[in-house]
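Visitor: First, the structure itself, so that you have it in front of you.
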Amino acid sequence: MTSSLPDLITRAADGSALQAVLLDLDGTLVDTEGFWWDVEKEVFAELGHVLDDHHRQVVVGGPMTRSAAYLIGATGADITVEQLSVELRARFAARVERGVPLMPGARRLLTELTRHEVPTAVVSASHRATIDVMLESVGPHHFRLSVAGDEVERTKPHPEPYLTAARHLGAEPGRCAVVEDTATGVTSAETAGCRVVAVPSVAPIAASGGRRVVESLEHVDLRFLRAMVPHVN
């Protein structure tokens with residue numbers, strides 16, 4: 001495990017049930033899902049293929065290898081999964097190095113969580129190098145830690161990334177509120193036992209059970225997140 005995952009013992013300072021807030025990055029805090037689709041279309045155009053928009057809903061939020069394999073299978077492009085993954089990551093990294101726009105409401109929410117000293121972490125399927133570049137735009141001081149897709153054995157939709165973040169924050173998964181934008185991320189968080197609010201970025205996500213669905217982070221604040229986690233004695 002890297003130094004980005006320190007072991008922390010945390011408690012809700014105000015006695016509330018919420019122990020930590022865990023947030024996805026791409027499409028949740030930063031408006032980059034369009035970046036991924038743009039580079040995917042660009043690479044496949046150079047390979048002589050046009051990606052239809054319905055492919056985007058399949059690959060959004062997915063692990064790179066799964067997305068690459070799907071797009072190759074759908075188009076018959078003459079490229080390996082490894083070659084495509086390397087090319088897509090390189091082009092995406094070049095784009096985000098110029099800065100990334102934050103999603104509406106993201107900076108306000110992070111500022112509020114920081115002001116109230118709520119333990120907060122980024123949990124992303126992106127690789128460490130890409131995350132660190134994007135966090136420069138978001139503000140790394142807002143987060144106790146970040147979990148990258150290349151730092152866990154099994155990335156989203158497996159629960160390992162969220163279980164890892166909760167463990168290193170010293171929090172119980174059931175007392176963590178997660179903010180996600182894709183079905184892949186929601187599956188990861190809910191399988192880990194976390195409470196989830198979905199803010200769909202590309203494909204729709206249905207409300208289900210304890211899951212909340214909102215149109216924008218502008219509808220999410222600390223009071224909203226605390227209300228998602230049931231009280232414990």
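Each chain of the structure tokens is named A, B, ... in the order shown, its residues numbered from 1; ligands are numbered from 1 in display order.
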Which residues in region 126-180 of chain A does DSSP call alpha helix (DSSP H)? List them as a list in words.
Guide: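 Selecting the alpha helix (DSSP H) positions of region 126-180 of chain A gives Arg128, Ala129, Thr130, Ile131, Asp132, Val133, Met134, Leu135, Glu136, Ser137, Val138, Glu160, Pro161, Tyr162, Leu163, Thr164, Ala165, Ala166, Arg167, His168 and Leu169 of chain A.
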Visitor: Just N, CA and C atoms for this one: save the residues we selected as an mmCIF file, in the first residue's frame.
Guide:
data_model
loop_
_atom_site.group_PDB
_atom_site.id
_atom_site.type_symbol
_atom_site.label_atom_id
_atom_site.label_comp_id
_atom_site.auth_asym_id
_atom_site.auth_seq_id
_atom_site.Cartn_x
_atom_site.Cartn_y
_atom_site.Cartn_z
ATOM 1 N N ARG A 128 -2.976 6.220 -9.920
ATOM 2 C CA ARG A 128 -2.427 7.200 -8.978
ATOM 3 C C ARG A 128 -1.912 8.455 -9.678
ATOM 4 N N ALA A 129 -1.149 8.299 -10.736
ATOM 5 C CA ALA A 129 -0.569 9.473 -11.402
ATOM 6 C C ALA A 129 -1.655 10.412 -11.911
ATOM 7 N N THR A 130 -2.733 9.850 -12.444
ATOM 8 C CA THR A 130 -3.827 10.676 -12.958
ATOM 9 C C THR A 130 -4.575 11.352 -11.820
ATOM 10 N N ILE A 131 -4.826 10.618 -10.752
ATOM 11 C CA ILE A 131 -5.527 11.183 -9.598
ATOM 12 C C ILE A 131 -4.767 12.378 -9.036
ATOM 13 N N ASP A 132 -3.462 12.220 -8.869
ATOM 14 C CA ASP A 132 -2.674 13.293 -8.265
ATOM 15 C C ASP A 132 -2.723 14.569 -9.096
ATOM 16 N N VAL A 133 -2.759 14.435 -10.424
ATOM 17 C CA VAL A 133 -2.862 15.614 -11.282
ATOM 18 C C VAL A 133 -4.220 16.287 -11.087
ATOM 19 N N MET A 134 -5.285 15.485 -11.068
ATOM 20 C CA MET A 134 -6.626 16.061 -10.922
ATOM 21 C C MET A 134 -6.828 16.686 -9.546
ATOM 22 N N LEU A 135 -6.236 16.097 -8.519
ATOM 23 C CA LEU A 135 -6.402 16.638 -7.169
ATOM 24 C C LEU A 135 -5.787 18.023 -7.016
ATOM 25 N N GLU A 136 -4.841 18.363 -7.875
ATOM 26 C CA GLU A 136 -4.281 19.703 -7.830
ATOM 27 C C GLU A 136 -5.343 20.741 -8.163
ATOM 28 N N SER A 137 -6.296 20.376 -9.035
ATOM 29 C CA SER A 137 -7.391 21.284 -9.364
ATOM 30 C C SER A 137 -8.462 21.278 -8.288
ATOM 31 N N VAL A 138 -8.677 20.126 -7.670
ATOM 32 C CA VAL A 138 -9.729 19.993 -6.661
ATOM 33 C C VAL A 138 -9.306 20.588 -5.327
ATOM 34 N N GLU A 160 -13.670 -3.708 -2.824
ATOM 35 C CA GLU A 160 -12.366 -3.481 -2.191
ATOM 36 C C GLU A 160 -11.960 -2.012 -2.070
ATOM 37 N N PRO A 161 -12.134 -1.171 -3.114
ATOM 38 C CA PRO A 161 -11.698 0.225 -2.952
ATOM 39 C C PRO A 161 -12.372 0.942 -1.789
ATOM 40 N N TYR A 162 -13.676 0.747 -1.610
ATOM 41 C CA TYR A 162 -14.370 1.434 -0.517
ATOM 42 C C TYR A 162 -14.081 0.796 0.826
ATOM 43 N N LEU A 163 -13.917 -0.508 0.860
ATOM 44 C CA LEU A 163 -13.525 -1.159 2.114
ATOM 45 C C LEU A 163 -12.133 -0.693 2.540
ATOM 46 N N THR A 164 -11.255 -0.510 1.564
ATOM 47 C CA THR A 164 -9.894 -0.033 1.859
ATOM 48 C C THR A 164 -9.920 1.371 2.436
ATOM 49 N N ALA A 165 -10.685 2.260 1.824
ATOM 50 C CA ALA A 165 -10.756 3.636 2.317
ATOM 51 C C ALA A 165 -11.341 3.689 3.715
ATOM 52 N N ALA A 166 -12.429 2.956 3.958
ATOM 53 C CA ALA A 166 -13.054 2.959 5.280
ATOM 54 C C ALA A 166 -12.087 2.424 6.329
ATOM 55 N N ARG A 167 -11.388 1.342 6.006
ATOM 56 C CA ARG A 167 -10.461 0.750 6.971
ATOM 57 C C ARG A 167 -9.356 1.720 7.354
ATOM 58 N N HIS A 168 -8.798 2.403 6.384
ATOM 59 C CA HIS A 168 -7.682 3.307 6.674
ATOM 60 C C HIS A 168 -8.135 4.609 7.333
ATOM 61 N N LEU A 169 -9.412 4.897 7.266
ATOM 62 C CA LEU A 169 -9.953 6.034 8.012
ATOM 63 C C LEU A 169 -10.437 5.613 9.395
#
Visitor: Can you pull out every residue from chain A that DSSP, working from the backbone, puts in strand (DSSP E or B), and format the result as a JSON list (two decimals) with all heavy atoms, in the first residue's frame?
Guide:
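part.json was written with the following content:
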[["chain", "number", "residue", "atom", "x", "y", "z"],
["A", 20, "ALA", "N", -17.42, 9.08, 8.06],
["A", 20, "ALA", "CA", -16.56, 9.51, 6.97],
["A", 20, "ALA", "C", -17.38, 9.70, 5.70],
["A", 20, "ALA", "O", -18.45, 9.12, 5.54],
["A", 20, "ALA", "CB", -15.46, 8.48, 6.72],
["A", 21, "VAL", "N", -16.83, 10.52, 4.80],
["A", 21, "VAL", "CA", -17.44, 10.73, 3.49],
["A", 21, "VAL", "C", -16.42, 10.31, 2.43],
["A", 21, "VAL", "O", -15.27, 10.77, 2.45],
["A", 21, "VAL", "CB", -17.85, 12.20, 3.29],
["A", 21, "VAL", "CG1", -18.38, 12.41, 1.86],
["A", 21, "VAL", "CG2", -18.90, 12.60, 4.31],
["A", 22, "LEU", "N", -16.84, 9.43, 1.54],
["A", 22, "LEU", "CA", -15.97, 8.89, 0.49],
["A", 22, "LEU", "C", -16.53, 9.30, -0.86],
["A", 22, "LEU", "O", -17.71, 9.08, -1.13],
["A", 22, "LEU", "CB", -15.90, 7.36, 0.60],
["A", 22, "LEU", "CG", -15.69, 6.80, 2.02],
["A", 22, "LEU", "CD1", -15.73, 5.28, 1.99],
["A", 22, "LEU", "CD2", -14.39, 7.31, 2.63],
["A", 23, "LEU", "N", -15.69, 9.90, -1.69],
["A", 23, "LEU", "CA", -16.18, 10.45, -2.95],
["A", 23, "LEU", "C", -15.40, 9.91, -4.14],
["A", 23, "LEU", "O", -14.17, 9.83, -4.12],
["A", 23, "LEU", "CB", -16.07, 11.97, -2.94],
["A", 23, "LEU", "CG", -16.77, 12.71, -1.80],
["A", 23, "LEU", "CD1", -15.73, 13.29, -0.85],
["A", 23, "LEU", "CD2", -17.67, 13.80, -2.33],
["A", 26, "ASP", "N", -13.73, 11.15, -11.00],
["A", 26, "ASP", "CA", -14.16, 11.41, -12.37],
["A", 26, "ASP", "C", -15.68, 11.43, -12.48],
["A", 26, "ASP", "O", -16.35, 10.45, -12.15],
["A", 26, "ASP", "CB", -13.64, 10.32, -13.31],
["A", 26, "ASP", "CG", -12.16, 10.46, -13.61],
["A", 26, "ASP", "OD1", -11.79, 11.49, -14.19],
["A", 26, "ASP", "OD2", -11.40, 9.55, -13.28],
["A", 30, "VAL", "N", -15.06, 16.09, -10.45],
["A", 30, "VAL", "CA", -14.51, 16.82, -11.60],
["A", 30, "VAL", "C", -15.25, 16.39, -12.86],
["A", 30, "VAL", "O", -15.63, 15.23, -13.02],
["A", 30, "VAL", "CB", -12.99, 16.60, -11.76],
["A", 30, "VAL", "CG1", -12.25, 17.24, -10.61],
["A", 30, "VAL", "CG2", -12.66, 15.11, -11.84],
["A", 102, "LEU", "N", -14.44, 21.66, -12.03],
["A", 102, "LEU", "CA", -15.16, 20.99, -10.96],
["A", 102, "LEU", "C", -16.65, 20.92, -11.29],
["A", 102, "LEU", "O", -17.18, 21.78, -11.98],
["A", 102, "LEU", "CB", -14.97, 21.72, -9.63],
["A", 102, "LEU", "CG", -13.79, 21.25, -8.77],
["A", 102, "LEU", "CD1", -12.47, 21.52, -9.49],
["A", 102, "LEU", "CD2", -13.82, 21.93, -7.41],
["A", 120, "THR", "N", -12.57, 12.68, 5.08],
["A", 120, "THR", "CA", -13.01, 12.61, 3.69],
["A", 120, "THR", "C", -11.92, 11.97, 2.83],
["A", 120, "THR", "O", -10.74, 12.22, 3.04],
["A", 120, "THR", "CB", -13.33, 14.02, 3.16],
["A", 120, "THR", "OG1", -14.31, 14.63, 4.01],
["A", 120, "THR", "CG2", -13.87, 13.98, 1.74],
["A", 121, "ALA", "N", -12.34, 11.12, 1.88],
["A", 121, "ALA", "CA", -11.38, 10.45, 1.01],
["A", 121, "ALA", "C", -11.90, 10.40, -0.41],
["A", 121, "ALA", "O", -13.11, 10.38, -0.65],
["A", 121, "ALA", "CB", -11.11, 9.03, 1.50],
["A", 122, "VAL", "N", -10.98, 10.38, -1.35],
["A", 122, "VAL", "CA", -11.29, 10.12, -2.76],
["A", 122, "VAL", "C", -11.09, 8.63, -3.01],
["A", 122, "VAL", "O", -10.08, 8.05, -2.58],
["A", 122, "VAL", "CB", -10.36, 10.93, -3.69],
["A", 122, "VAL", "CG1", -10.32, 10.32, -5.09],
["A", 122, "VAL", "CG2", -10.84, 12.37, -3.78],
["A", 123, "VAL", "N", -12.06, 8.02, -3.68],
["A", 123, "VAL", "CA", -11.96, 6.60, -4.04],
["A", 123, "VAL", "C", -12.22, 6.51, -5.55],
["A", 123, "VAL", "O", -13.34, 6.70, -6.00],
["A", 123, "VAL", "CB", -12.97, 5.74, -3.26],
["A", 123, "VAL", "CG1", -12.82, 4.27, -3.64],
["A", 123, "VAL", "CG2", -12.79, 5.94, -1.75],
["A", 145, "LEU", "N", -7.07, 11.01, 2.64],
["A", 145, "LEU", "CA", -6.38, 10.03, 1.81],
["A", 145, "LEU", "C", -7.10, 9.87, 0.49],
["A", 145, "LEU", "O", -8.21, 10.38, 0.30],
["A", 145, "LEU", "CB", -6.27, 8.67, 2.52],
["A", 145, "LEU", "CG", -7.57, 7.93, 2.87],
["A", 145, "LEU", "CD1", -8.02, 7.02, 1.73],
["A", 145, "LEU", "CD2", -7.39, 7.10, 4.12],
["A", 146, "SER", "N", -6.46, 9.16, -0.43],
["A", 146, "SER", "CA", -7.09, 8.81, -1.70],
["A", 146, "SER", "C", -6.70, 7.39, -2.05],
["A", 146, "SER", "O", -5.58, 6.94, -1.77],
["A", 146, "SER", "CB", -6.67, 9.78, -2.81],
["A", 146, "SER", "OG", -5.26, 9.85, -2.95],
["A", 147, "VAL", "N", -7.63, 6.67, -2.66],
["A", 147, "VAL", "CA", -7.42, 5.29, -3.08],
["A", 147, "VAL", "C", -7.49, 5.25, -4.60],
["A", 147, "VAL", "O", -8.50, 5.67, -5.18],
["A", 147, "VAL", "CB", -8.48, 4.34, -2.48],
["A", 147, "VAL", "CG1", -8.25, 2.91, -2.97],
["A", 147, "VAL", "CG2", -8.44, 4.39, -0.95],
["A", 176, "CYS", "N", -20.30, 5.20, 6.61],
["A", 176, "CYS", "CA", -19.68, 6.05, 5.60],
["A", 176, "CYS", "C", -20.73, 6.43, 4.56],
["A", 176, "CYS", "O", -21.51, 5.59, 4.10],
["A", 176, "CYS", "CB", -18.55, 5.31, 4.89],
["A", 176, "CYS", "SG", -17.12, 4.93, 5.93],
["A", 177, "ALA", "N", -20.75, 7.70, 4.18],
["A", 177, "ALA", "CA", -21.59, 8.16, 3.08],
["A", 177, "ALA", "C", -20.72, 8.27, 1.83],
["A", 177, "ALA", "O", -19.65, 8.88, 1.87],
["A", 177, "ALA", "CB", -22.21, 9.51, 3.41],
["A", 178, "VAL", "N", -21.18, 7.67, 0.75],
["A", 178, "VAL", "CA", -20.44, 7.65, -0.49],
["A", 178, "VAL", "C", -21.19, 8.47, -1.54],
["A", 178, "VAL", "O", -22.41, 8.41, -1.64],
["A", 178, "VAL", "CB", -20.26, 6.21, -1.01],
["A", 178, "VAL", "CG1", -19.76, 6.18, -2.45],
["A", 178, "VAL", "CG2", -19.31, 5.44, -0.10],
["A", 179, "VAL", "N", -20.43, 9.23, -2.34],
["A", 179, "VAL", "CA", -21.00, 9.99, -3.45],
["A", 179, "VAL", "C", -20.41, 9.44, -4.74],
["A", 179, "VAL", "O", -19.18, 9.44, -4.91],
["A", 179, "VAL", "CB", -20.72, 11.50, -3.32],
["A", 179, "VAL", "CG1", -21.44, 12.26, -4.42],
["A", 179, "VAL", "CG2", -21.15, 12.02, -1.95],
["A", 180, "GLU", "N", -21.27, 8.96, -5.63],
["A", 180, "GLU", "CA", -20.84, 8.32, -6.88],
["A", 180, "GLU", "C", -21.68, 8.82, -8.05],
["A", 180, "GLU", "O", -22.79, 9.32, -7.84],
["A", 180, "GLU", "CB", -21.00, 6.79, -6.77],
["A", 180, "GLU", "CG", -19.78, 6.07, -6.24],
["A", 180, "GLU", "CD", -18.69, 5.91, -7.30],
["A", 180, "GLU", "OE1", -18.89, 6.34, -8.45],
["A", 180, "GLU", "OE2", -17.63, 5.34, -6.96],
["A", 195, "ARG", "N", -23.46, 3.73, 2.67],
["A", 195, "ARG", "CA", -24.66, 4.46, 2.26],
["A", 195, "ARG", "C", -24.31, 5.32, 1.05],
["A", 195, "ARG", "O", -23.28, 6.01, 1.06],
["A", 195, "ARG", "CB", -25.15, 5.34, 3.41],
["A", 195, "ARG", "CG", -25.46, 4.56, 4.68],
["A", 195, "ARG", "CD", -26.74, 3.78, 4.54],
["A", 195, "ARG", "NE", -26.98, 2.88, 5.65],
["A", 195, "ARG", "CZ", -28.16, 2.40, 5.99],
["A", 195, "ARG", "NH1", -29.23, 2.75, 5.29],
["A", 195, "ARG", "NH2", -28.29, 1.57, 7.00],
["A", 196, "VAL", "N", -25.16, 5.30, 0.04],
["A", 196, "VAL", "CA", -24.78, 5.91, -1.23],
["A", 196, "VAL", "C", -25.77, 6.97, -1.68],
["A", 196, "VAL", "O", -26.99, 6.77, -1.64],
["A", 196, "VAL", "CB", -24.67, 4.83, -2.34],
["A", 196, "VAL", "CG1", -24.33, 5.47, -3.69],
["A", 196, "VAL", "CG2", -23.60, 3.80, -1.96],
["A", 197, "VAL", "N", -25.21, 8.10, -2.15],
["A", 197, "VAL", "CA", -25.97, 9.08, -2.90],
["A", 197, "VAL", "C", -25.39, 9.11, -4.30],
["A", 197, "VAL", "O", -24.17, 9.25, -4.48],
["A", 197, "VAL", "CB", -25.94, 10.48, -2.25],
["A", 197, "VAL", "CG1", -24.53, 10.97, -1.99],
["A", 197, "VAL", "CG2", -26.68, 11.49, -3.13],
["A", 198, "ALA", "N", -26.24, 8.90, -5.29],
["A", 198, "ALA", "CA", -25.80, 8.89, -6.68],
["A", 198, "ALA", "C", -26.14, 10.22, -7.35],
["A", 198, "ALA", "O", -27.24, 10.74, -7.19],
["A", 198, "ALA", "CB", -26.47, 7.75, -7.43],
["A", 212, "ARG", "N", -29.93, 7.27, -2.36],
["A", 212, "ARG", "CA", -30.53, 8.53, -2.76],
["A", 212, "ARG", "C", -29.96, 8.92, -4.13],
["A", 212, "ARG", "O", -28.79, 8.67, -4.41],
["A", 212, "ARG", "CB", -30.20, 9.63, -1.74],
["A", 212, "ARG", "CG", -30.68, 9.34, -0.32],
["A", 212, "ARG", "CD", -32.19, 9.49, -0.20],
["A", 212, "ARG", "NE", -32.63, 10.84, -0.54],
["A", 212, "ARG", "CZ", -32.63, 11.86, 0.32],
["A", 212, "ARG", "NH1", -32.21, 11.70, 1.57],
["A", 212, "ARG", "NH2", -33.06, 13.05, -0.06],
["A", 213, "VAL", "N", -30.79, 9.52, -4.95],
["A", 213, "VAL", "CA", -30.36, 9.98, -6.26],
["A", 213, "VAL", "C", -30.72, 11.45, -6.40],
["A", 213, "VAL", "O", -31.88, 11.84, -6.16],
["A", 213, "VAL", "CB", -31.02, 9.17, -7.40],
["A", 213, "VAL", "CG1", -30.55, 9.69, -8.75],
["A", 213, "VAL", "CG2", -30.68, 7.69, -7.26]]
